[in-house]
>>> print(open('my_file21.txt').read())   # compact mmCIF, C-alpha atoms
# COMPACT_ATOMS: atom_id res chain seq x y z
CA MET B 3 65.80 -15.11 -50.06
CA LEU B 4 65.43 -18.32 -48.06
CA SER B 5 62.89 -16.73 -45.72
CA VAL B 6 60.79 -15.56 -48.70
CA LEU B 7 60.82 -19.05 -50.19
CA LEU B 8 59.92 -20.60 -46.83
CA SER B 9 57.00 -18.20 -46.32
CA LEU B 10 55.68 -18.99 -49.83
CA VAL B 11 55.82 -22.74 -49.14
CA LEU B 12 54.02 -22.36 -45.81
CA ALA B 13 51.38 -20.06 -47.32
CA CYS B 14 50.38 -22.73 -49.88
CA GLY B 15 49.22 -25.22 -47.24
CA PRO B 16 45.72 -25.48 -45.75
CA ASP B 17 44.66 -23.02 -43.06
CA GLU B 18 43.81 -25.72 -40.53
CA PRO B 19 45.17 -29.25 -40.09
CA ILE B 20 43.14 -31.93 -41.79
CA LEU B 21 42.49 -35.08 -39.74
CA PRO B 22 41.33 -38.29 -41.43
CA GLY B 23 37.95 -39.48 -40.22
CA VAL B 24 36.91 -36.08 -38.84
CA VAL B 25 34.55 -33.66 -40.57
CA VAL B 26 34.40 -30.10 -39.29
CA ALA B 27 31.15 -28.11 -39.54
CA GLU B 28 30.85 -24.47 -40.54
CA GLU B 29 31.73 -21.53 -38.30
CA GLY B 30 29.11 -20.28 -35.86
CA THR B 31 28.29 -23.67 -34.32
CA THR B 32 28.99 -24.69 -30.74
CA ALA B 33 31.96 -26.89 -29.83
CA SER B 34 29.81 -30.02 -29.47
CA GLU B 35 28.18 -29.39 -32.85
CA SER B 36 31.35 -28.42 -34.70
CA VAL B 37 33.03 -31.84 -35.03
CA THR B 38 31.23 -34.90 -36.33
CA TYR B 39 33.08 -38.22 -36.33
CA THR B 40 32.99 -40.42 -39.39
CA LYS B 41 34.91 -43.70 -39.43
CA SER B 42 37.33 -43.82 -42.36
CA GLU B 43 36.65 -46.26 -45.17
CA GLY B 44 38.48 -49.57 -44.72
CA VAL B 45 38.70 -49.23 -40.94
CA PHE B 46 37.12 -52.18 -39.10
CA VAL B 47 37.37 -50.72 -35.57
CA ASP B 48 38.81 -47.22 -35.11
CA VAL B 49 40.95 -47.99 -32.05
CA GLY B 50 42.96 -44.80 -32.54
CA TYR B 51 39.79 -42.73 -32.17
CA LEU B 52 37.95 -44.64 -29.43
CA ALA B 53 40.79 -45.22 -26.95
CA GLY B 54 41.16 -42.51 -24.32
CA ARG B 55 37.62 -41.20 -24.82
CA ASN B 56 34.66 -41.15 -22.45
CA PHE B 57 32.90 -44.53 -22.62
CA GLU B 58 29.38 -43.20 -22.05
CA GLU B 59 29.78 -40.63 -24.83
CA MET B 60 31.23 -43.27 -27.18
CA ARG B 61 28.89 -46.12 -26.17
CA GLY B 62 26.92 -46.00 -29.42
CA GLU B 63 30.07 -45.87 -31.52
CA VAL B 64 31.64 -48.74 -29.54
CA SER B 65 28.51 -50.86 -30.07
CA GLN B 66 28.42 -50.00 -33.75
CA GLN B 67 32.07 -50.99 -34.28
CA LEU B 68 32.51 -53.89 -31.80
CA GLY B 69 28.94 -55.16 -31.47
CA ASP B 70 26.54 -55.42 -28.55
CA ILE B 71 27.67 -55.93 -24.97
CA GLN B 72 27.63 -59.63 -24.12
CA GLU B 73 29.01 -59.47 -20.57
CA VAL B 74 30.14 -56.91 -17.98
CA ASN B 75 32.95 -57.78 -15.55
CA ASP B 76 33.96 -55.73 -12.52
CA LEU B 77 37.77 -55.74 -12.37
CA GLY B 78 38.02 -53.98 -9.03
CA ALA B 79 38.85 -50.44 -8.01
CA ARG B 80 42.30 -50.51 -9.62
CA ASP B 81 41.31 -51.79 -13.06
CA GLY B 82 37.71 -50.60 -13.56
CA THR B 83 35.21 -52.50 -15.71
CA GLU B 84 35.53 -54.82 -18.68
CA TYR B 85 32.82 -54.90 -21.35
CA VAL B 86 32.88 -58.05 -23.47
CA LEU B 87 31.42 -57.34 -26.91
CA GLU B 88 30.70 -59.45 -29.99
CA THR B 89 34.09 -58.88 -31.67
CA GLY B 90 36.31 -57.91 -28.75
CA ARG B 91 36.36 -56.21 -25.40
CA VAL B 92 36.84 -52.78 -23.89
CA LYS B 93 38.25 -51.90 -20.47
CA VAL B 94 37.12 -48.69 -18.80
CA LYS B 95 38.36 -46.90 -15.69
CA ASP B 96 36.76 -43.68 -14.38
CA ASP B 97 34.56 -43.75 -17.51
CA VAL B 98 37.60 -43.54 -19.85
CA ILE B 99 38.39 -46.30 -22.36
CA TYR B 100 41.95 -47.41 -21.63
CA LEU B 101 42.16 -50.76 -23.45
CA ILE B 102 40.57 -52.12 -26.60
CA HIS B 103 40.96 -55.76 -27.67
CA VAL B 104 39.74 -56.61 -31.18
CA ASP B 105 39.34 -60.12 -32.60
CA LEU B 106 40.03 -59.65 -36.31
CA ASP B 107 37.53 -61.09 -38.77
CA ARG B 108 40.36 -62.94 -40.57
CA PRO B 109 44.12 -63.47 -40.12
CA MET B 110 46.09 -60.60 -41.65
CA ARG B 111 49.58 -59.18 -41.84
CA GLN B 112 50.72 -56.81 -39.09
CA SER B 113 50.59 -53.68 -41.24
CA SER B 114 47.10 -54.53 -42.56
CA ALA B 115 45.84 -55.23 -39.05
CA MET B 116 47.13 -51.89 -37.82
CA SER B 117 45.57 -49.92 -40.68
CA THR B 118 42.17 -51.66 -40.33
CA LEU B 119 42.18 -50.49 -36.71
CA GLY B 120 42.87 -46.87 -37.56
CA LEU B 121 46.50 -47.04 -36.40
CA PRO B 122 49.68 -46.19 -38.34
CA SER B 123 50.80 -49.28 -40.26
CA GLU B 124 54.50 -48.46 -40.04
CA ILE B 125 55.87 -50.59 -37.21
CA ASP B 126 59.18 -49.67 -35.63
CA ALA B 127 61.16 -52.52 -34.00
CA PRO B 128 58.44 -54.86 -32.74
CA TYR B 129 59.28 -57.25 -29.93
CA MET B 130 58.60 -60.75 -31.26
CA LEU B 131 57.48 -63.43 -28.82
CA THR B 132 56.41 -67.00 -29.53
CA THR B 133 52.74 -66.26 -30.26
CA GLU B 134 52.68 -62.51 -29.81
CA ILE B 135 54.10 -59.31 -31.25
CA ARG B 136 54.47 -56.29 -28.96
CA LEU B 137 55.01 -52.62 -29.62
CA ARG B 138 55.78 -50.04 -26.94
CA TRP B 139 54.83 -46.36 -27.13
CA HIS B 140 53.45 -46.53 -30.65
CA ALA B 141 50.85 -44.11 -32.05
CA GLY B 142 50.03 -42.62 -28.63
CA PHE B 143 49.55 -46.00 -26.93
CA ASP B 144 51.61 -47.40 -24.06
CA ARG B 145 51.50 -50.89 -25.55
CA ILE B 146 50.05 -52.67 -28.56
CA ARG B 147 49.92 -56.48 -28.60
CA MET B 148 49.14 -58.61 -31.65
CA GLY B 149 48.36 -62.32 -31.37
CA ARG B 150 49.82 -64.50 -34.10
CA ALA B 151 47.77 -67.27 -35.69
CA THR B 152 50.60 -69.79 -35.13
CA ARG B 153 54.13 -69.70 -33.75
CA ASP B 154 55.73 -69.66 -37.20
CA ASP B 155 53.23 -67.41 -38.93
CA ASP B 156 53.40 -63.66 -39.47
CA LEU B 157 49.61 -63.35 -39.63
CA VAL B 158 47.80 -61.89 -36.61
CA ILE B 159 44.30 -62.77 -35.42
CA TRP B 160 43.77 -60.21 -32.65
CA VAL B 161 45.09 -56.81 -31.60
CA GLU B 162 45.02 -55.25 -28.14
CA ALA B 163 45.83 -51.57 -27.66
CA LEU B 164 46.54 -50.14 -24.19
CA LYS B 165 46.18 -46.35 -24.17
CA PHE B 166 47.39 -45.96 -20.59
CA ASP B 167 47.92 -48.06 -17.47
CA PRO B 168 44.94 -47.41 -15.17
CA ARG B 169 47.07 -48.13 -12.10
CA ASP B 170 49.20 -45.07 -12.87
CA ARG B 171 46.22 -42.74 -12.52
>>> encode(input="my_file21.txt", output="structure tokens")
Amino acid sequence: MLSVLLSLVLACGPDEPILPGVVVAEEGTTASESVTYTKSEGVFVDVGYLAGRNFEEMRGEVSQQLGDIQEVNDLGARDGTEYVLETGRVKVKDDVIYLIHVDLDRPMRQSSAMSTLGLPSEIDAPYMLTTEIRLRWHAGFDRIRMGRATRDDDLVIWVEALKFDPRDR
């Protein structure tokens, strides 16, 4: 009886998983044509989507979300290249985006900041420092740092998400 009920519940769900911000094309298209990215409404910079992707392939999307490149800094063989943009910066190693730093357009609460960056807003046991909040191993990132507006304030003014440590690769 339980197995029949379980199979009925599972049969009612969608055939394929649905991902927010991703639109899938019809069958019969090639792999590169089948998925078209669309930034979700209310997301300022989709850090969850951009981090870990090929920089050259995402260059247009990075410019659209973070602005034009203002400066390029060579960080050496171990750390790659840093691209300073209008509203933040991106660090790239071996053509893969491993760190995204976003200067928020206004101070906001931690959960709001996370959701406007395309990250889960539920924060589990953050490590509170004087002017910084840190999360470890959250939402597929090694580390997420949030800069507080003041020492005594809960509002954050920037967020930095480290997908992986480039020195480990």
>>> residues_near_point(input="my_file21.txt", point="(32.3, -41.8, -19.9)", cutoff="8 Å", atoms="all atoms listed in the file", output="number ranges by chain")
B: 55-60, 96-99
>>> atom_distance(input="my_file21.txt", atom1="CA of Ser65 (chain B)", atom2="CA of Thr133 (chain B)")
28.7 Å
>>> residues_near_point(input="my_file21.txt", point="(44.6, -49.8, -10.8)", cutoff="7 Å", atoms="all atoms listed in the file", output="PyMOL selection string")
chain B and resi 79-81+168-170
>>> atom_distance(input="my_file21.txt", atom1="CA of Pro128 (chain B)", atom2="CA of Leu87 (chain B)")
27.8 Å
>>> residues_around(input="my_file21.txt", residues="Asp154 (chain B)", least_positions_apart="4", cutoff="12 Å", atoms="only C-alpha atoms", output="PyMOL selection string")
chain B and resi 130-134+149-150+158
>>> closest_residue(input="my_file21.txt", among="B:Asn75, B:Ser42, B:Ser114, B:Gln67", to="Val161 (chain B)", atoms="all atoms listed in the file")
B:Ser114
>>> atom_distance(input="my_file21.txt", atom1="CA of Gly142 (chain B)", atom2="CA of Gly54 (chain B)")
9.9 Å
>>> build_atoms(input="my_file21.txt", residues="region 130-151 of chain B", atoms="N, CA and C atoms", output="JSON list (two decimals), in the frame of the given file")
[["chain", "number", "residue", "atom", "x", "y", "z"],
["B", 130, "MET", "N", 59.23, -59.51, -30.83],
["B", 130, "MET", "CA", 58.60, -60.75, -31.26],
["B", 130, "MET", "C", 58.70, -61.81, -30.17],
["B", 131, "LEU", "N", 57.55, -62.33, -29.77],
["B", 131, "LEU", "CA", 57.48, -63.43, -28.82],
["B", 131, "LEU", "C", 56.97, -64.66, -29.57],
["B", 132, "THR", "N", 56.82, -65.76, -28.88],
["B", 132, "THR", "CA", 56.41, -67.00, -29.53],
["B", 132, "THR", "C", 55.10, -66.85, -30.28],
["B", 133, "THR", "N", 54.05, -66.39, -29.61],
["B", 133, "THR", "CA", 52.74, -66.26, -30.26],
["B", 133, "THR", "C", 52.22, -64.83, -30.23],
["B", 134, "GLU", "N", 53.12, -63.88, -29.99],
["B", 134, "GLU", "CA", 52.68, -62.51, -29.81],
["B", 134, "GLU", "C", 53.72, -61.53, -30.33],
["B", 135, "ILE", "N", 53.24, -60.41, -30.82],
["B", 135, "ILE", "CA", 54.10, -59.31, -31.25],
["B", 135, "ILE", "C", 53.73, -58.12, -30.39],
["B", 136, "ARG", "N", 54.74, -57.44, -29.83],
["B", 136, "ARG", "CA", 54.47, -56.29, -28.96],
["B", 136, "ARG", "C", 55.17, -55.04, -29.46],
["B", 137, "LEU", "N", 54.46, -53.94, -29.32],
["B", 137, "LEU", "CA", 55.01, -52.62, -29.62],
["B", 137, "LEU", "C", 54.87, -51.77, -28.37],
["B", 138, "ARG", "N", 55.84, -50.95, -28.08],
["B", 138, "ARG", "CA", 55.78, -50.04, -26.94],
["B", 138, "ARG", "C", 55.76, -48.61, -27.45],
["B", 139, "TRP", "N", 54.92, -47.80, -26.84],
["B", 139, "TRP", "CA", 54.83, -46.36, -27.13],
["B", 139, "TRP", "C", 54.70, -46.09, -28.62],
["B", 140, "HIS", "N", 53.70, -46.68, -29.21],
["B", 140, "HIS", "CA", 53.45, -46.53, -30.65],
["B", 140, "HIS", "C", 52.10, -45.84, -30.85],
["B", 141, "ALA", "N", 52.08, -44.81, -31.65],
["B", 141, "ALA", "CA", 50.85, -44.11, -32.05],
["B", 141, "ALA", "C", 50.05, -43.60, -30.86],
["B", 142, "GLY", "N", 50.72, -43.16, -29.80],
["B", 142, "GLY", "CA", 50.03, -42.62, -28.63],
["B", 142, "GLY", "C", 49.55, -43.67, -27.65],
["B", 143, "PHE", "N", 49.94, -44.91, -27.83],
["B", 143, "PHE", "CA", 49.55, -46.00, -26.93],
["B", 143, "PHE", "C", 50.77, -46.46, -26.13],
["B", 144, "ASP", "N", 50.52, -46.85, -24.88],
["B", 144, "ASP", "CA", 51.61, -47.40, -24.06],
["B", 144, "ASP", "C", 52.10, -48.72, -24.62],
["B", 145, "ARG", "N", 51.14, -49.56, -25.05],
["B", 145, "ARG", "CA", 51.50, -50.89, -25.55],
["B", 145, "ARG", "C", 50.45, -51.35, -26.56],
["B", 146, "ILE", "N", 50.93, -52.01, -27.60],
["B", 146, "ILE", "CA", 50.05, -52.67, -28.56],
["B", 146, "ILE", "C", 50.53, -54.11, -28.68],
["B", 147, "ARG", "N", 49.62, -55.05, -28.48],
["B", 147, "ARG", "CA", 49.92, -56.48, -28.60],
["B", 147, "ARG", "C", 49.15, -57.04, -29.79],
["B", 148, "MET", "N", 49.79, -57.93, -30.54],
["B", 148, "MET", "CA", 49.14, -58.61, -31.65],
["B", 148, "MET", "C", 49.35, -60.10, -31.49],
["B", 149, "GLY", "N", 48.27, -60.86, -31.51],
["B", 149, "GLY", "CA", 48.36, -62.32, -31.37],
["B", 149, "GLY", "C", 48.52, -62.98, -32.72],
["B", 150, "ARG", "N", 49.56, -63.80, -32.84],
["B", 150, "ARG", "CA", 49.82, -64.50, -34.10],
["B", 150, "ARG", "C", 48.94, -65.74, -34.21],
["B", 151, "ALA", "N", 48.60, -66.10, -35.44],
["B", 151, "ALA", "CA", 47.77, -67.27, -35.69],
["B", 151, "ALA", "C", 48.49, -68.54, -35.24]]
